[in-house]
Amino acid sequence: MMNKGQSSESSKGKDGTSFRPRILCLHGHNSCNEITEMQIFGLELDKRAKCDFLHGPYPGKAGDGLALFSNGPWYTWVDVSSVAQESLENSLEYLANHLRENGPYDGVYCFSLSCTLVTIFSDPAIWRDQFDFSDRPWKFAILACAGGLQWLETSRRRLSAKGIDIPTLHLKGATDQILDQSTKLEKYWTDATRKSYTHKGGHTIDMTILRREPELKRLLLGFLDENSSTQALTNKLEK
């Protein structure tokens with residue numbers, strides 16, 4: 001089981017020489033790093049990147065069906081027993097503290113509710129103006145089954161009107177009950193650097209998804225190849 005801030009040892013390169021991007025991986029509501037690790041294995045990101053896992057700051061309970069795959073402990077990014085917007089702000093501070101100690105990262109992977117957190121933090125009004133970072137916390141993002149749109153909407157007035165301009169890959173589920181939220185969240189990112197794929201499942205990224213949908217594997221590998229070169233990313237973000 002992955003603890004807060006722990007790295008996936010299985011993501012180390014065999015020869016130790018080729019560039020492997022560092023990716024921060026965040027779970028969804030009422031989940032844990034072990035569930036995220038399964039998603040990372042399903043997408044084979046562990047073969048292409050060095051993955052760090054960070055759990056949410058608030059205790060939660062097992063989300064629907066997750067107890068079949070993990071014993072927890074369970075965490076979330078929003079304390080629903082308190083003022084939700086205040087707890088979201090605390091989660092942004094929690095994430096900022098992790099990034100000060102361990103960042104920056106080349107990329108970020110997020111699922112469900114954490115996609116809202118990543119979208120908010122990726123805006124210069126937050127990472128630069130609110131938290132005084134001198135550079136972006138990550139250079140690309142993979143957002144899976146995005147949710148928590150209600151908290152994103154409450155932060156809209158603080159965010160840039162022109163959209164967030166780093167490369168993104170949005171993974172959505174055709175039968176996901178919150179598919180509409182995933183689609184709406186995409187619009188916070190600029191069209192020019194945004195790619196999207198709708199898989200045949202629901203609110204999940206499972207261990208066999210790439211075997212069932214080889215077109216997703218081609219898209220994902222192309223996205224990583226395009227955005228894992230330090231110089232290529234620098235050139236793209238400076239345009």
# chains A, B, ... in the order shown; residues from 1 in each chain; ligands from 1

$ select_by_dssp --residues "segment 68-211 of chain A" --states "strand (DSSP E or B)" --output "number ranges by chain"
A: 75-76, 107-111, 140-144, 164, 168-173, 189, 194-199

$ write_last_selection --atoms "N, CA, C and O atoms" --output "compact mmCIF listing (two decimals), in the first residue's frame"
# COMPACT_ATOMS: atom_id res chain seq x y z
N TYR A 75 -9.23 8.15 2.17
CA TYR A 75 -9.04 9.61 2.32
C TYR A 75 -9.87 10.34 1.27
O TYR A 75 -10.35 9.77 0.29
N THR A 76 -10.00 11.64 1.49
CA THR A 76 -10.67 12.48 0.51
C THR A 76 -10.04 13.87 0.53
O THR A 76 -9.17 14.17 1.35
N GLY A 107 4.61 15.84 -14.69
CA GLY A 107 3.20 15.69 -14.96
C GLY A 107 2.41 15.35 -13.72
O GLY A 107 2.98 15.09 -12.65
N VAL A 108 1.09 15.33 -13.87
CA VAL A 108 0.20 14.96 -12.77
C VAL A 108 -0.89 14.07 -13.33
O VAL A 108 -1.37 14.27 -14.46
N TYR A 109 -1.24 13.02 -12.58
CA TYR A 109 -2.38 12.17 -12.89
C TYR A 109 -3.40 12.34 -11.77
O TYR A 109 -3.05 12.30 -10.59
N CYS A 110 -4.66 12.53 -12.14
CA CYS A 110 -5.69 12.71 -11.13
C CYS A 110 -6.95 11.97 -11.56
O CYS A 110 -7.19 11.73 -12.74
N PHE A 111 -7.77 11.64 -10.56
CA PHE A 111 -9.00 10.89 -10.81
C PHE A 111 -10.15 11.53 -10.05
O PHE A 111 -10.03 11.86 -8.88
N PHE A 140 2.36 18.83 -17.67
CA PHE A 140 1.23 18.22 -18.37
C PHE A 140 0.35 17.51 -17.35
O PHE A 140 0.77 17.26 -16.21
N ALA A 141 -0.89 17.22 -17.75
CA ALA A 141 -1.85 16.60 -16.82
C ALA A 141 -2.68 15.54 -17.53
O ALA A 141 -3.07 15.72 -18.69
N ILE A 142 -2.92 14.43 -16.82
CA ILE A 142 -3.84 13.39 -17.28
C ILE A 142 -4.99 13.37 -16.28
O ILE A 142 -4.80 13.08 -15.10
N LEU A 143 -6.19 13.69 -16.76
CA LEU A 143 -7.36 13.81 -15.89
C LEU A 143 -8.36 12.72 -16.23
O LEU A 143 -8.87 12.67 -17.36
N ALA A 144 -8.63 11.82 -15.29
CA ALA A 144 -9.47 10.66 -15.54
C ALA A 144 -10.81 10.78 -14.80
O ALA A 144 -10.83 11.02 -13.59
N ILE A 164 -6.45 27.19 -19.07
CA ILE A 164 -5.14 26.74 -18.61
C ILE A 164 -4.42 26.12 -19.80
O ILE A 164 -4.94 25.23 -20.46
N THR A 168 -2.99 18.53 -21.90
CA THR A 168 -3.82 17.67 -21.06
C THR A 168 -4.40 16.52 -21.88
O THR A 168 -4.66 16.66 -23.08
N LEU A 169 -4.59 15.40 -21.20
CA LEU A 169 -5.31 14.26 -21.76
C LEU A 169 -6.46 13.95 -20.82
O LEU A 169 -6.25 13.64 -19.65
N HIS A 170 -7.68 14.06 -21.34
CA HIS A 170 -8.89 13.86 -20.54
C HIS A 170 -9.48 12.50 -20.87
O HIS A 170 -9.86 12.23 -22.02
N LEU A 171 -9.55 11.62 -19.86
CA LEU A 171 -10.11 10.28 -20.03
C LEU A 171 -11.50 10.26 -19.41
O LEU A 171 -11.66 10.57 -18.22
N LYS A 172 -12.50 9.89 -20.20
CA LYS A 172 -13.88 9.91 -19.74
C LYS A 172 -14.51 8.54 -19.97
O LYS A 172 -14.10 7.79 -20.85
N GLY A 173 -15.51 8.22 -19.16
CA GLY A 173 -16.22 6.95 -19.29
C GLY A 173 -17.56 7.14 -19.96
O GLY A 173 -18.36 7.98 -19.53
N TRP A 189 -9.57 24.05 -19.77
CA TRP A 189 -8.25 23.89 -20.37
C TRP A 189 -8.32 24.33 -21.82
O TRP A 189 -9.33 24.12 -22.49
N ARG A 194 -5.26 20.37 -25.67
CA ARG A 194 -6.15 19.42 -25.00
C ARG A 194 -6.48 18.23 -25.91
O ARG A 194 -6.83 18.41 -27.07
N LYS A 195 -6.36 17.03 -25.36
CA LYS A 195 -6.79 15.81 -26.05
C LYS A 195 -7.79 15.09 -25.15
O LYS A 195 -7.73 15.19 -23.93
N SER A 196 -8.68 14.34 -25.79
CA SER A 196 -9.74 13.69 -25.02
C SER A 196 -10.01 12.30 -25.58
O SER A 196 -9.89 12.06 -26.79
N TYR A 197 -10.38 11.39 -24.68
CA TYR A 197 -10.73 10.02 -25.08
C TYR A 197 -11.85 9.53 -24.17
O TYR A 197 -11.77 9.66 -22.94
N THR A 198 -12.88 8.95 -24.76
CA THR A 198 -13.98 8.37 -24.00
C THR A 198 -13.90 6.85 -24.10
O THR A 198 -14.08 6.28 -25.18
N HIS A 199 -13.60 6.21 -22.96
CA HIS A 199 -13.53 4.74 -22.97
C HIS A 199 -14.93 4.16 -22.79
O HIS A 199 -15.89 4.87 -22.53

$ select_by_dssp --residues "segment 42-238 of chain A" --states "helix (DSSP H, G or I)" --output "ChimeraX atom specification"
/A:42,45-47,66-68,84-102,113-122,124-130,149-154,156-158,179-186,191-193,209-212,214-227,230-238

$ atom_distance --atom1 "atom CA of Glu93 of chain A" --atom2 "atom CA of Ala62 of chain A"
24.3 Å

$ atom_distance --atom1 "atom CA of Arg211 of chain A" --atom2 "atom CA of Leu179 of chain A"
22.4 Å

$ atom_distance --atom1 "atom CA of Trp151 of chain A" --atom2 "atom CA of Leu88 of chain A"
7.8 Å

$ closest_residue --among "A:Ser31, A:Thr183, A:Thr190, A:Thr36" --to "Gly63 of chain A" --atoms "only C-alpha atoms"
A:Ser31

$ residues_around --residues "segment 40-45 of chain A" --least-positions-apart "4" --cutoff "6 Å" --atoms "only C-alpha atoms" --output "VMD selection string"
chain A and resid 49 206 to 208

$ write_last_selection --atoms "N, CA and C atoms" --output "PDB file, in the first residue's frame"
ATOM      1  N   ALA A  49       7.092   6.161 -16.408  1.00  0.00           N
ATOM      2  CA  ALA A  49       7.323   7.320 -15.544  1.00  0.00           C
ATOM      3  C   ALA A  49       7.661   6.871 -14.135  1.00  0.00           C
ATOM      4  N   ASP A 206      -9.609   0.632 -14.978  1.00  0.00           N
ATOM      5  CA  ASP A 206      -9.308  -0.686 -14.424  1.00  0.00           C
ATOM      6  C   ASP A 206      -8.001  -1.245 -14.973  1.00  0.00           C
ATOM      7  N   MET A 207      -7.620  -2.414 -14.479  1.00  0.00           N
ATOM      8  CA  MET A 207      -6.316  -2.991 -14.766  1.00  0.00           C
ATOM      9  C   MET A 207      -6.187  -3.516 -16.198  1.00  0.00           C
ATOM     10  N   THR A 208      -7.296  -3.719 -16.892  1.00  0.00           N
ATOM     11  CA  THR A 208      -7.226  -4.297 -18.239  1.00  0.00           C
ATOM     12  C   THR A 208      -7.677  -3.331 -19.321  1.00  0.00           C
TER      13      THR A 208
END

$ residues_around --residues "Gly147 of chain A" --least-positions-apart "2" --cutoff "7 Å" --atoms "only C-alpha atoms" --output "PyMOL selection string"
chain A and resi 112-113+115-116+145+149+178+181-182
